[in-house]
file start_38.txt (compact mmCIF, C-alpha atoms)
# COMPACT_ATOMS: atom_id res chain seq x y z
CA MET A 68 -49.48 2.55 2.83
CA LYS A 69 -46.78 5.12 3.58
CA LEU A 70 -43.27 4.39 2.29
CA GLY A 71 -39.94 5.98 3.18
CA VAL A 72 -36.98 6.39 0.84
CA LEU A 73 -33.38 7.44 1.47
CA THR A 74 -30.00 7.42 -0.26
CA SER A 75 -26.97 6.34 1.71
CA GLY A 76 -23.20 6.01 1.37
CA GLY A 77 -21.32 7.30 -1.67
CA ASP A 78 -23.38 9.06 -4.31
CA ALA A 79 -23.74 7.47 -7.74
CA PRO A 80 -25.16 8.75 -11.05
CA GLY A 81 -28.72 7.41 -11.29
CA MET A 82 -29.71 7.74 -7.63
CA ASN A 83 -32.14 10.50 -8.53
CA ALA A 84 -33.74 8.31 -11.18
CA ALA A 85 -34.25 5.63 -8.52
CA ILE A 86 -35.80 8.13 -6.09
CA ARG A 87 -38.12 9.30 -8.84
CA ALA A 88 -39.17 5.73 -9.63
CA VAL A 89 -39.96 4.95 -5.98
CA VAL A 90 -42.03 8.09 -5.48
CA ARG A 91 -43.97 7.88 -8.72
CA ARG A 92 -44.58 4.13 -8.50
CA ALA A 93 -45.86 4.62 -4.95
CA PHE A 94 -48.22 7.33 -6.18
CA ALA A 95 -49.51 4.97 -8.88
CA LEU A 96 -50.19 2.40 -6.14
CA ASN A 97 -52.06 4.97 -4.00
CA CYS A 98 -49.25 5.18 -1.45
CA GLU A 99 -47.67 8.17 0.26
CA THR A 100 -43.90 8.70 0.32
CA VAL A 101 -41.56 10.36 2.81
CA GLY A 102 -37.97 11.23 1.87
CA PHE A 103 -35.31 11.09 4.60
CA LEU A 104 -32.37 13.45 4.19
CA HIS A 105 -28.66 12.64 4.59
CA GLY A 106 -29.06 8.88 4.61
CA PHE A 107 -29.33 7.06 7.93
CA ASN A 108 -28.31 10.33 9.65
CA GLY A 109 -31.70 11.69 8.63
CA LEU A 110 -33.40 8.81 10.38
CA VAL A 111 -31.39 9.35 13.55
CA LYS A 112 -31.91 13.12 13.59
CA GLY A 113 -35.47 13.21 12.26
CA GLU A 114 -34.73 14.98 8.96
CA TRP A 115 -37.48 14.26 6.46
CA ARG A 116 -39.88 15.78 3.97
CA LYS A 117 -43.03 14.70 2.22
CA MET A 118 -42.43 13.58 -1.37
CA THR A 119 -44.85 14.29 -4.21
CA GLN A 120 -44.85 13.79 -7.95
CA ALA A 121 -43.75 17.42 -8.29
CA SER A 122 -40.81 16.96 -5.90
CA VAL A 123 -39.17 14.47 -8.28
CA ALA A 124 -39.90 16.36 -11.51
CA GLY A 125 -36.87 17.14 -13.65
CA ILE A 126 -34.36 15.07 -11.68
CA ILE A 127 -33.91 11.94 -13.82
CA GLN A 128 -31.00 13.52 -15.70
CA ARG A 129 -29.22 14.91 -12.63
CA GLY A 130 -26.24 13.32 -10.91
CA GLY A 131 -25.94 13.09 -7.14
CA THR A 132 -29.05 12.80 -5.01
CA ILE A 133 -31.71 15.38 -4.12
CA LEU A 134 -32.09 13.66 -0.74
CA ARG A 135 -28.38 14.14 -0.06
CA THR A 136 -26.31 11.35 1.42
CA ALA A 137 -23.90 10.63 4.24
CA ARG A 138 -22.18 7.90 6.20
CA SER A 139 -23.61 7.76 9.71
CA GLN A 140 -21.47 6.89 12.70
CA ASP A 141 -24.44 7.43 15.03
CA PHE A 142 -26.48 4.75 13.27
CA ILE A 143 -23.81 2.15 14.00
CA GLU A 144 -24.58 2.44 17.73
CA PRO A 145 -27.71 0.80 19.24
CA ALA A 146 -28.94 4.18 20.51
CA GLY A 147 -28.73 5.58 17.01
CA ARG A 148 -30.69 2.71 15.55
CA ASP A 149 -33.34 3.08 18.22
CA ALA A 150 -33.62 6.78 17.35
CA ALA A 151 -33.92 5.90 13.65
CA LEU A 152 -36.75 3.47 14.37
CA ARG A 153 -38.56 6.10 16.44
CA THR A 154 -38.34 8.55 13.52
CA LEU A 155 -39.85 5.99 11.18
CA GLU A 156 -42.65 5.29 13.63
CA LYS A 157 -43.36 9.00 14.22
CA THR A 158 -43.66 9.67 10.49
CA GLY A 159 -45.98 6.71 10.05
CA VAL A 160 -43.71 4.93 7.60
CA GLU A 161 -44.59 1.26 7.16
CA GLY A 162 -41.76 0.27 4.84
CA LEU A 163 -38.41 1.78 3.78
CA VAL A 164 -36.58 1.71 0.44
CA VAL A 165 -32.81 2.22 0.88
CA ILE A 166 -30.79 3.23 -2.20
CA GLY A 167 -27.07 2.63 -1.71
CA GLY A 168 -24.16 0.21 -1.57
CA GLY A 169 -22.83 -2.51 0.71
CA GLY A 170 -22.77 -0.48 3.93
CA SER A 171 -26.30 0.68 3.24
CA ALA A 172 -27.40 -2.94 2.86
CA VAL A 173 -25.93 -3.76 6.29
CA GLY A 174 -27.84 -0.87 7.85
CA ALA A 175 -31.01 -1.87 6.05
CA MET A 176 -30.75 -5.46 7.30
CA ALA A 177 -30.37 -4.18 10.87
CA LEU A 178 -33.52 -2.06 10.58
CA ASP A 179 -35.46 -4.95 9.09
CA ALA A 180 -34.40 -7.15 12.00
CA MET A 181 -35.79 -4.47 14.35
CA GLY A 182 -39.21 -4.76 12.74
CA MET A 183 -39.14 -2.12 10.01
CA PRO A 184 -39.61 -3.74 6.56
CA VAL A 185 -36.79 -2.69 4.22
CA VAL A 186 -35.95 -3.29 0.55
CA THR A 187 -32.66 -2.07 -0.95
CA VAL A 188 -31.79 -0.78 -4.40
CA PRO A 189 -28.11 -1.42 -5.30
CA SER A 190 -26.48 1.90 -6.16
CA THR A 191 -22.70 2.22 -6.06
CA VAL A 192 -20.08 3.06 -8.66
CA ASP A 193 -17.99 0.14 -7.36
CA ASN A 194 -20.34 -2.54 -8.78
CA ASP A 195 -19.42 -4.88 -5.93
CA LEU A 196 -22.83 -6.13 -4.78
CA LEU A 197 -24.14 -9.65 -5.27
CA GLY A 198 -27.57 -10.23 -6.78
CA THR A 199 -27.29 -7.94 -9.80
CA ASP A 200 -25.25 -7.84 -12.99
CA VAL A 201 -24.60 -4.13 -12.57
CA THR A 202 -25.25 -1.55 -9.86
CA ILE A 203 -26.73 1.88 -10.50
CA GLY A 204 -23.98 4.38 -11.35
CA HIS A 205 -21.24 1.94 -12.32
CA MET A 206 -21.40 2.33 -16.08
CA SER A 207 -21.64 6.12 -15.82
CA ALA A 208 -18.49 6.10 -13.69
CA VAL A 209 -16.75 3.82 -16.19
CA ASN A 210 -17.76 6.16 -19.00
CA THR A 211 -16.28 9.14 -17.13
CA VAL A 212 -12.97 7.29 -16.83
CA VAL A 213 -12.98 6.32 -20.50
CA GLN A 214 -13.70 9.91 -21.61
CA SER A 215 -10.79 11.08 -19.47
CA VAL A 216 -8.46 8.49 -21.00
CA ASN A 217 -9.48 9.62 -24.48
CA SER A 218 -8.10 13.07 -23.65
CA ILE A 219 -5.04 11.79 -21.81
CA ARG A 220 -3.99 9.61 -24.74
CA ASP A 221 -3.54 12.71 -26.89
CA THR A 222 -0.89 14.15 -24.60
CA ALA A 223 0.59 10.71 -23.83
CA THR A 224 1.18 10.21 -27.56
CA SER A 225 2.50 13.73 -28.10
CA HIS A 226 5.07 13.50 -25.31
CA GLU A 227 5.71 9.74 -25.61
CA ARG A 228 4.93 9.16 -21.95
CA ILE A 229 3.43 6.51 -19.73
CA PHE A 230 0.33 7.58 -17.81
CA VAL A 231 -0.95 5.87 -14.67
CA ILE A 232 -4.70 6.53 -14.33
CA GLU A 233 -5.88 5.96 -10.75
CA THR A 234 -9.58 5.09 -10.41
CA MET A 235 -11.83 4.48 -7.43
CA GLY A 236 -11.88 0.94 -6.11
CA ARG A 237 -10.46 0.65 -2.60
CA ASP A 238 -11.49 -2.99 -2.24
CA THR A 239 -12.40 -4.05 -5.76
CA GLY A 240 -11.31 -3.35 -9.32
CA HIS A 241 -14.56 -3.33 -11.30
CA ILE A 242 -14.19 0.30 -12.47
CA ALA A 243 -10.54 -0.07 -13.45
CA LEU A 244 -11.19 -3.39 -15.19
CA ASN A 245 -14.16 -2.28 -17.27
CA ALA A 246 -12.69 1.13 -18.03
CA GLY A 247 -9.38 -0.48 -18.93
CA LEU A 248 -11.03 -2.79 -21.42
CA ALA A 249 -13.16 -0.01 -22.90
CA SER A 250 -10.25 2.42 -23.26
CA GLY A 251 -7.67 -0.08 -24.52
CA ALA A 252 -5.35 0.32 -21.53
CA GLU A 253 -2.03 -1.45 -21.93
CA SER A 254 -2.08 -2.75 -18.35
CA ILE A 255 -4.77 -3.03 -15.65
CA LEU A 256 -3.79 -3.16 -11.98
CA ILE A 257 -6.51 -4.22 -9.55
CA PRO A 258 -6.44 -5.49 -5.94
CA GLU A 259 -7.81 -8.90 -6.93
CA MET A 260 -4.84 -9.59 -9.25
CA LYS A 261 -1.51 -8.65 -7.67
CA THR A 262 0.43 -8.24 -10.91
CA PRO A 263 4.12 -7.45 -10.15
CA LEU A 264 5.12 -4.00 -11.40
CA GLU A 265 8.26 -5.56 -12.91
CA ASP A 266 5.97 -7.47 -15.29
CA VAL A 267 4.20 -4.24 -16.21
CA SER A 268 7.52 -2.59 -17.01
CA LYS A 269 8.54 -5.56 -19.17
CA ARG A 270 5.31 -5.30 -21.17
CA ILE A 271 5.87 -1.58 -21.64
CA LEU A 272 9.46 -2.09 -22.80
CA ASN A 273 8.42 -4.87 -25.19
CA ALA A 274 5.78 -2.58 -26.69
CA HIS A 275 8.33 0.24 -26.84
CA ALA A 276 10.69 -2.02 -28.77
CA ARG A 277 7.90 -2.63 -31.30
CA GLY A 278 7.58 1.11 -31.82
CA LYS A 279 4.80 1.98 -29.37
CA SER A 280 5.79 5.25 -27.75
CA HIS A 281 3.15 5.58 -24.98
CA SER A 282 1.16 3.43 -22.56
CA ILE A 283 -1.91 3.79 -20.36
CA ILE A 284 -1.82 1.94 -17.03
CA MET A 285 -5.27 1.64 -15.42
CA LEU A 286 -4.91 1.43 -11.64
CA ALA A 287 -7.57 0.74 -9.02
CA GLU A 288 -6.70 2.60 -5.82
CA GLY A 289 -6.86 -0.64 -3.85
CA TYR A 290 -3.82 -1.99 -5.72
CA GLY A 291 -1.58 0.84 -4.54
CA HIS A 292 -1.06 4.58 -4.62
CA GLY A 293 -0.70 6.01 -8.12
CA PHE A 294 2.47 8.01 -7.41
CA ASP A 295 4.20 5.01 -5.82
CA VAL A 296 3.27 2.85 -8.81
CA ALA A 297 4.46 5.52 -11.25
CA ARG A 298 7.82 5.93 -9.49
CA THR A 299 8.42 2.18 -9.61
CA ILE A 300 7.47 1.89 -13.28
CA GLN A 301 9.68 4.84 -14.23
CA ALA A 302 12.59 3.42 -12.24
CA THR A 303 12.31 -0.07 -13.75
CA SER A 304 11.49 0.98 -17.33
CA GLY A 305 13.53 4.16 -17.62
CA LEU A 306 10.57 5.84 -19.33
CA GLU A 307 8.90 9.09 -18.24
CA THR A 308 5.76 8.34 -16.24
CA ARG A 309 2.94 10.64 -15.10
CA VAL A 310 -0.08 10.13 -12.79
CA ILE A 311 -3.72 11.22 -13.08
CA VAL A 312 -5.91 10.64 -10.00
CA LEU A 313 -9.53 10.90 -11.13
CA GLY A 314 -11.02 10.72 -7.63
CA HIS A 315 -14.57 11.89 -7.05
CA LEU A 316 -14.89 13.04 -10.64
CA GLN A 317 -16.09 9.48 -11.30
CA ARG A 318 -19.17 9.91 -9.12
CA GLY A 319 -20.45 13.10 -10.72
CA GLY A 320 -22.17 14.06 -13.94
CA SER A 321 -25.39 13.16 -15.65
CA PRO A 322 -26.13 9.41 -15.59
CA LEU A 323 -26.02 7.43 -18.82
CA ALA A 324 -29.31 6.30 -20.33
CA SER A 325 -28.50 2.75 -19.21
CA ASP A 326 -28.20 3.84 -15.56
CA ARG A 327 -31.47 5.80 -15.79
CA ILE A 328 -33.24 2.73 -17.15
CA ILE A 329 -31.74 0.39 -14.52
CA ALA A 330 -32.58 2.82 -11.72
CA SER A 331 -36.14 3.25 -12.94
CA ARG A 332 -36.73 -0.49 -13.15
CA LEU A 333 -35.16 -1.27 -9.78
CA GLY A 334 -36.78 1.63 -7.93
CA ALA A 335 -40.22 0.69 -9.23
CA HIS A 336 -39.70 -3.00 -8.47
CA ALA A 337 -38.55 -2.25 -4.92
CA THR A 338 -41.78 -0.33 -4.40
CA ASP A 339 -43.87 -3.12 -5.89
CA ILE A 340 -42.52 -5.85 -3.63
CA MET A 341 -42.65 -3.62 -0.55
CA VAL A 342 -46.32 -2.85 -1.16
CA GLY A 343 -46.82 -6.55 -1.83
CA GLY A 344 -45.57 -7.39 1.65
CA ARG A 345 -42.09 -8.68 0.86
CA HIS A 346 -38.96 -7.23 2.48
CA ASP A 347 -35.45 -7.97 3.78
CA LEU A 348 -34.46 -8.13 0.11
CA GLN A 349 -32.29 -6.39 -2.47
CA VAL A 350 -33.72 -5.96 -5.95
CA GLY A 351 -31.45 -6.51 -8.94
CA LEU A 352 -31.15 -7.28 -12.63
CA VAL A 353 -29.65 -10.57 -13.82
CA SER A 354 -29.57 -11.19 -17.57
CA GLY A 355 -32.15 -8.43 -17.93
CA THR A 356 -34.60 -10.04 -15.52
CA LEU A 357 -35.71 -8.49 -12.23
CA VAL A 358 -34.64 -10.62 -9.25
CA GLU A 359 -34.58 -10.39 -5.46
CA THR A 360 -31.75 -11.50 -3.18
CA PRO A 361 -31.95 -11.84 0.63
CA LEU A 362 -30.00 -9.06 2.35
CA GLU A 363 -28.10 -11.63 4.39
CA GLU A 364 -26.57 -12.98 1.15
CA VAL A 365 -25.85 -9.51 -0.19
CA CYS A 366 -24.03 -8.54 3.02
CA ALA A 367 -22.07 -11.79 3.29
CA GLN A 368 -19.60 -11.16 0.48
CA ARG A 369 -18.68 -8.86 -2.39
CA ARG A 370 -19.30 -9.51 -6.05
CA GLU A 371 -16.10 -10.77 -7.65
CA ILE A 372 -14.55 -9.45 -10.85
CA SER A 373 -14.86 -11.41 -14.07
CA LEU A 374 -11.61 -13.22 -14.81
CA ASP A 375 -12.80 -13.66 -18.39
CA ILE A 376 -12.92 -9.88 -18.83
CA TYR A 377 -9.51 -9.51 -17.18
CA ASP A 378 -7.96 -12.11 -19.49
CA LEU A 379 -9.65 -10.54 -22.51
CA ALA A 380 -8.35 -7.07 -21.67
CA ARG A 381 -4.85 -8.46 -21.19
CA SER A 382 -4.91 -10.34 -24.51
CA LEU A 383 -6.14 -7.29 -26.43
CA SER A 384 -3.62 -4.82 -25.00
CA GLY A 385 -0.73 -3.97 -27.26

call {"tool": "encode", "arguments": {"input": "start_38.txt", "output": "structure tokens"}}
result
Amino acid sequence: MKLGVLTSGGDAPGMNAAIRAVVRRAFALNCETVGFLHGFNGLVKGEWRKMTQASVAGIIQRGGTILRTARSQDFIEPAGRDAALRTLEKTGVEGLVVIGGGGSAVGAMALDAMGMPVVTVPSTVDNDLLGTDVTIGHMSAVNTVVQSVNSIRDTATSHERIFVIETMGRDTGHIALNAGLASGAESILIPEMKTPLEDVSKRILNAHARGKSHSIIMLAEGYGHGFDVARTIQATSGLETRVIVLGHLQRGGSPLASDRIIASRLGAHATDIMVGGRHDLQVGLVSGTLVETPLEEVCAQRREISLDIYDLARSLSG
């Protein structure tokens, strides 16, 4: 059997570990592997290369993706999808493993409906996919935020300032929530919980009255722009407020061991079920157990935040 593999959408630490797992598991199962470059664009434009054990050597510790990634406008159109299917047929690929997030799952489901068997591996720093407790790259991104906050707290304390830390999370607050809990942020602002900024200022002033001279406000970009939030907090609290926008820094860097392990398990399992004849599925980990979820379910809605974690973070903030 000949398998294809691609990475699509935003990059995430651990994608390379997943590519490596697909290629090497396929080799162990006496299968060939083709890597498509630049996500679904590579399918549309016919960009591919043969993958071997040697081609994935020394990549497990690297961030980003050796196959590169992109968001494809051409693939959205029927002509683009037809071109993608022709590329798969020309290369002799009999099944495709797609490593990516929610948009990638939608594209994968479309290809599967056209007759090309597809299995997806959930890889996005946003952690917003159903069917898995955690997506590849999320905890590495959270760790990057926490390490940044560790440094920012030093200057926040020295200058007795409030810092608003803006994280990724246009539609969901998983990064801000988990990083806020792990870094001891005084307030967490996420799109799922529209906390009034007046309440944030009151909490800051109450803490200030108890002798706390600085505060960290963890902000998911989907809640609002960091500089707008900072101006409002400074105006309502009267305390000096600064903004740090972490941006794409969260996607880069070497993946944590946990992401390498998750990626290895999911990439290998995706290969196993594809070779076994099953498709139109996303692989995932729930309570440490490998599971599969129909792509239709994965694409239907996003994974919600944990209100228990939100309440815990709020109760532990000083």

call {"tool": "closest_residue", "arguments": {"input": "start_38.txt", "among": "A:Leu333, A:Leu374, A:Ile86, A:Ile257", "to": "Arg129 in chain A", "atoms": "all atoms listed in the file"}}
result
A:Ile86

call {"tool": "closest_atom_pairs", "arguments": {"input": "start_38.txt", "of": "range 98-213 of chain A", "to": "range 262-286 of chain A", "cutoff": "12 Å", "atoms": "all atoms listed in the file", "output": "tab-separated table"}}
result
residue	atom	partner	partner_atom	distance
A:Val209	CA	A:Met285	CA	11.7
A:Val212	CA	A:Met285	CA	9.7
A:Val213	CA	A:Met285	CA	10.4

call {"tool": "closest_atom_pairs", "arguments": {"input": "start_38.txt", "of": "range 82-138 of chain A", "to": "range 184-200 of chain A", "cutoff": "12 Å", "atoms": "only C-alpha atoms", "output": "tab-separated table"}}
result
residue	atom	partner	partner_atom	distance
A:Met82	CA	A:Ser190	CA	6.8
A:Asn83	CA	A:Ser190	CA	10.6
A:Ala84	CA	A:Ser190	CA	10.9
A:Ala85	CA	A:Val188	CA	8.0
A:Ile86	CA	A:Val188	CA	9.9
A:Ala88	CA	A:Val188	CA	11.1
A:Val89	CA	A:Val188	CA	10.1
A:Gly131	CA	A:Ser190	CA	11.2
A:Thr132	CA	A:Ser190	CA	11.3

call {"tool": "write_last_selection", "arguments": {"input": "start_38.txt", "atoms": "C-alpha atoms", "output": "short mmCIF file (atom, residue, chain, number, x, y, z; two decimals), in the coordinates of the input"}}
result
data_model
loop_
_atom_site.label_atom_id
_atom_site.label_comp_id
_atom_site.auth_asym_id
_atom_site.auth_seq_id
_atom_site.Cartn_x
_atom_site.Cartn_y
_atom_site.Cartn_z
CA MET A 82 -29.71 7.74 -7.63
CA ASN A 83 -32.14 10.50 -8.53
CA ALA A 84 -33.74 8.31 -11.18
CA ALA A 85 -34.25 5.63 -8.52
CA ILE A 86 -35.80 8.13 -6.09
CA ALA A 88 -39.17 5.73 -9.63
CA VAL A 89 -39.96 4.95 -5.98
CA GLY A 131 -25.94 13.09 -7.14
CA THR A 132 -29.05 12.80 -5.01
#

call {"tool": "atom_distance", "arguments": {"input": "start_38.txt", "atom1": "CA of Arg228 in chain A", "atom2": "CA of Gly291 in chain A"}}
result
20.4 Å

call {"tool": "axis_aligned_box", "arguments": {"input": "start_38.txt", "around": "range 295-302 of chain A", "padding_each_side": "3 Å", "output": "JSON"}}
result
{"center_x": 7.9, "center_y": 3.9, "center_z": -10.0, "size_x": 15.3, "size_y": 10.0, "size_z": 14.4}

call {"tool": "closest_residue", "arguments": {"input": "start_38.txt", "among": "A:Ser321, A:Glu227, A:Glu359, A:Gly159", "to": "Asp339 in chain A", "atoms": "all atoms listed in the file"}}
result
A:Glu359

call {"tool": "residues_around", "arguments": {"input": "start_38.txt", "residues": "Thr308 in chain A", "least_positions_apart": "2", "cutoff": "12 Å", "atoms": "all atoms listed in the file", "output": "MDAnalysis selection string"}}
result
chainID A and resid 223 226:232 268 271 280:284 293:306 310:311

call {"tool": "closest_residue", "arguments": {"input": "start_38.txt", "among": "A:Gly204, A:Gly319, A:Gly76, A:Gly81", "to": "Gly169 in chain A", "atoms": "all atoms listed in the file"}}
result
A:Gly76

call {"tool": "residues_around", "arguments": {"input": "start_38.txt", "residues": "range 354-357 of chain A", "least_positions_apart": "2", "cutoff": "12 Å", "atoms": "only C-alpha atoms", "output": "PDB file with C-alpha atoms, in the frame of the given file"}}
result
ATOM      1  CA  VAL A 188     -31.790  -0.780  -4.400  1.00  0.00           C
ATOM      2  CA  GLY A 198     -27.570 -10.230  -6.780  1.00  0.00           C
ATOM      3  CA  THR A 199     -27.290  -7.940  -9.800  1.00  0.00           C
ATOM      4  CA  ASP A 200     -25.250  -7.840 -12.990  1.00  0.00           C
ATOM      5  CA  VAL A 201     -24.600  -4.130 -12.570  1.00  0.00           C
ATOM      6  CA  SER A 325     -28.500   2.750 -19.210  1.00  0.00           C
ATOM      7  CA  ILE A 328     -33.240   2.730 -17.150  1.00  0.00           C
ATOM      8  CA  ILE A 329     -31.740   0.390 -14.520  1.00  0.00           C
ATOM      9  CA  ALA A 330     -32.580   2.820 -11.720  1.00  0.00           C
ATOM     10  CA  SER A 331     -36.140   3.250 -12.940  1.00  0.00           C
ATOM     11  CA  ARG A 332     -36.730  -0.490 -13.150  1.00  0.00           C
ATOM     12  CA  LEU A 333     -35.160  -1.270  -9.780  1.00  0.00           C
ATOM     13  CA  GLY A 334     -36.780   1.630  -7.930  1.00  0.00           C
ATOM     14  CA  ALA A 335     -40.220   0.690  -9.230  1.00  0.00           C
ATOM     15  CA  HIS A 336     -39.700  -3.000  -8.470  1.00  0.00           C
ATOM     16  CA  ALA A 337     -38.550  -2.250  -4.920  1.00  0.00           C
ATOM     17  CA  ASP A 339     -43.870  -3.120  -5.890  1.00  0.00           C
ATOM     18  CA  ILE A 340     -42.520  -5.850  -3.630  1.00  0.00           C
ATOM     19  CA  GLN A 349     -32.290  -6.390  -2.470  1.00  0.00           C
ATOM     20  CA  VAL A 350     -33.720  -5.960  -5.950  1.00  0.00           C
ATOM     21  CA  GLY A 351     -31.450  -6.510  -8.940  1.00  0.00           C
ATOM     22  CA  LEU A 352     -31.150  -7.280 -12.630  1.00  0.00           C
ATOM     23  CA  GLU A 359     -34.580 -10.390  -5.460  1.00  0.00           C
ATOM     24  CA  THR A 360     -31.750 -11.500  -3.180  1.00  0.00           C
TER      25      THR A 360
END

call {"tool": "residues_around", "arguments": {"input": "start_38.txt", "residues": "Thr158 in chain A", "least_positions_apart": "2", "cutoff": "12 Å", "atoms": "only C-alpha atoms", "output": "list in words"}}
result
Met68, Lys69, Leu70, Gly71, Glu99, Thr100, Val101, Gly102, Phe103, Leu110, Gly113, Glu114, Trp115, Arg116, Lys117, Ala151, Leu152, Arg153, Thr154, Leu155, Glu156, Val160, Glu161, Gly162 and Leu163 of chain A

call {"tool": "decode", "arguments": {"input": "start_38.txt", "residues": "range 257-264 of chain A", "atoms": "all heavy atoms", "output": "compact mmCIF listing (two decimals), in the first residue's frame"}}
result
# COMPACT_ATOMS: atom_id res chain seq x y z
N ILE A 257 -10.96 35.28 28.32
CA ILE A 257 -11.12 34.39 27.17
C ILE A 257 -12.47 34.66 26.51
O ILE A 257 -13.40 35.15 27.15
CB ILE A 257 -11.01 32.91 27.60
CG1 ILE A 257 -12.02 32.59 28.70
CG2 ILE A 257 -9.59 32.58 28.05
CD1 ILE A 257 -11.99 31.13 29.15
N PRO A 258 -12.58 34.35 25.20
CA PRO A 258 -13.83 34.67 24.50
C PRO A 258 -15.05 33.93 25.03
O PRO A 258 -16.17 34.40 24.88
CB PRO A 258 -13.54 34.29 23.04
CG PRO A 258 -12.34 33.42 23.08
CD PRO A 258 -11.56 33.81 24.28
N GLU A 259 -14.85 32.77 25.64
CA GLU A 259 -15.97 31.99 26.15
C GLU A 259 -16.59 32.59 27.41
O GLU A 259 -17.74 32.31 27.76
CB GLU A 259 -15.53 30.56 26.47
CG GLU A 259 -15.09 29.75 25.26
CD GLU A 259 -13.61 29.86 24.96
OE1 GLU A 259 -12.97 30.84 25.44
OE2 GLU A 259 -13.08 29.00 24.26
N MET A 260 -15.82 33.41 28.13
CA MET A 260 -16.28 34.02 29.39
C MET A 260 -16.08 35.52 29.29
O MET A 260 -14.98 36.03 29.49
CB MET A 260 -15.50 33.44 30.58
CG MET A 260 -15.54 31.93 30.69
SD MET A 260 -17.17 31.27 31.09
CE MET A 260 -17.34 31.83 32.79
N LYS A 261 -17.13 36.24 28.97
CA LYS A 261 -17.02 37.69 28.75
C LYS A 261 -16.98 38.45 30.07
O LYS A 261 -17.92 39.17 30.45
CB LYS A 261 -18.17 38.18 27.88
CG LYS A 261 -18.09 37.72 26.43
CD LYS A 261 -16.87 38.35 25.74
CE LYS A 261 -16.83 38.01 24.25
NZ LYS A 261 -15.65 38.59 23.58
N THR A 262 -15.89 38.32 30.79
CA THR A 262 -15.71 39.01 32.06
C THR A 262 -15.59 40.51 31.82
O THR A 262 -14.74 40.95 31.03
CB THR A 262 -14.42 38.52 32.75
OG1 THR A 262 -14.46 37.10 32.85
CG2 THR A 262 -14.28 39.14 34.13
N PRO A 263 -16.40 41.34 32.48
CA PRO A 263 -16.30 42.80 32.31
C PRO A 263 -14.94 43.30 32.81
O PRO A 263 -14.45 42.85 33.85
CB PRO A 263 -17.44 43.35 33.17
CG PRO A 263 -18.38 42.20 33.34
CD PRO A 263 -17.53 40.97 33.37
N LEU A 264 -14.35 44.22 32.07
CA LEU A 264 -13.04 44.74 32.48
C LEU A 264 -13.13 45.53 33.78
O LEU A 264 -12.13 45.65 34.51
CB LEU A 264 -12.46 45.61 31.36
CG LEU A 264 -12.06 44.85 30.09
CD1 LEU A 264 -11.49 45.81 29.04
CD2 LEU A 264 -11.05 43.76 30.40
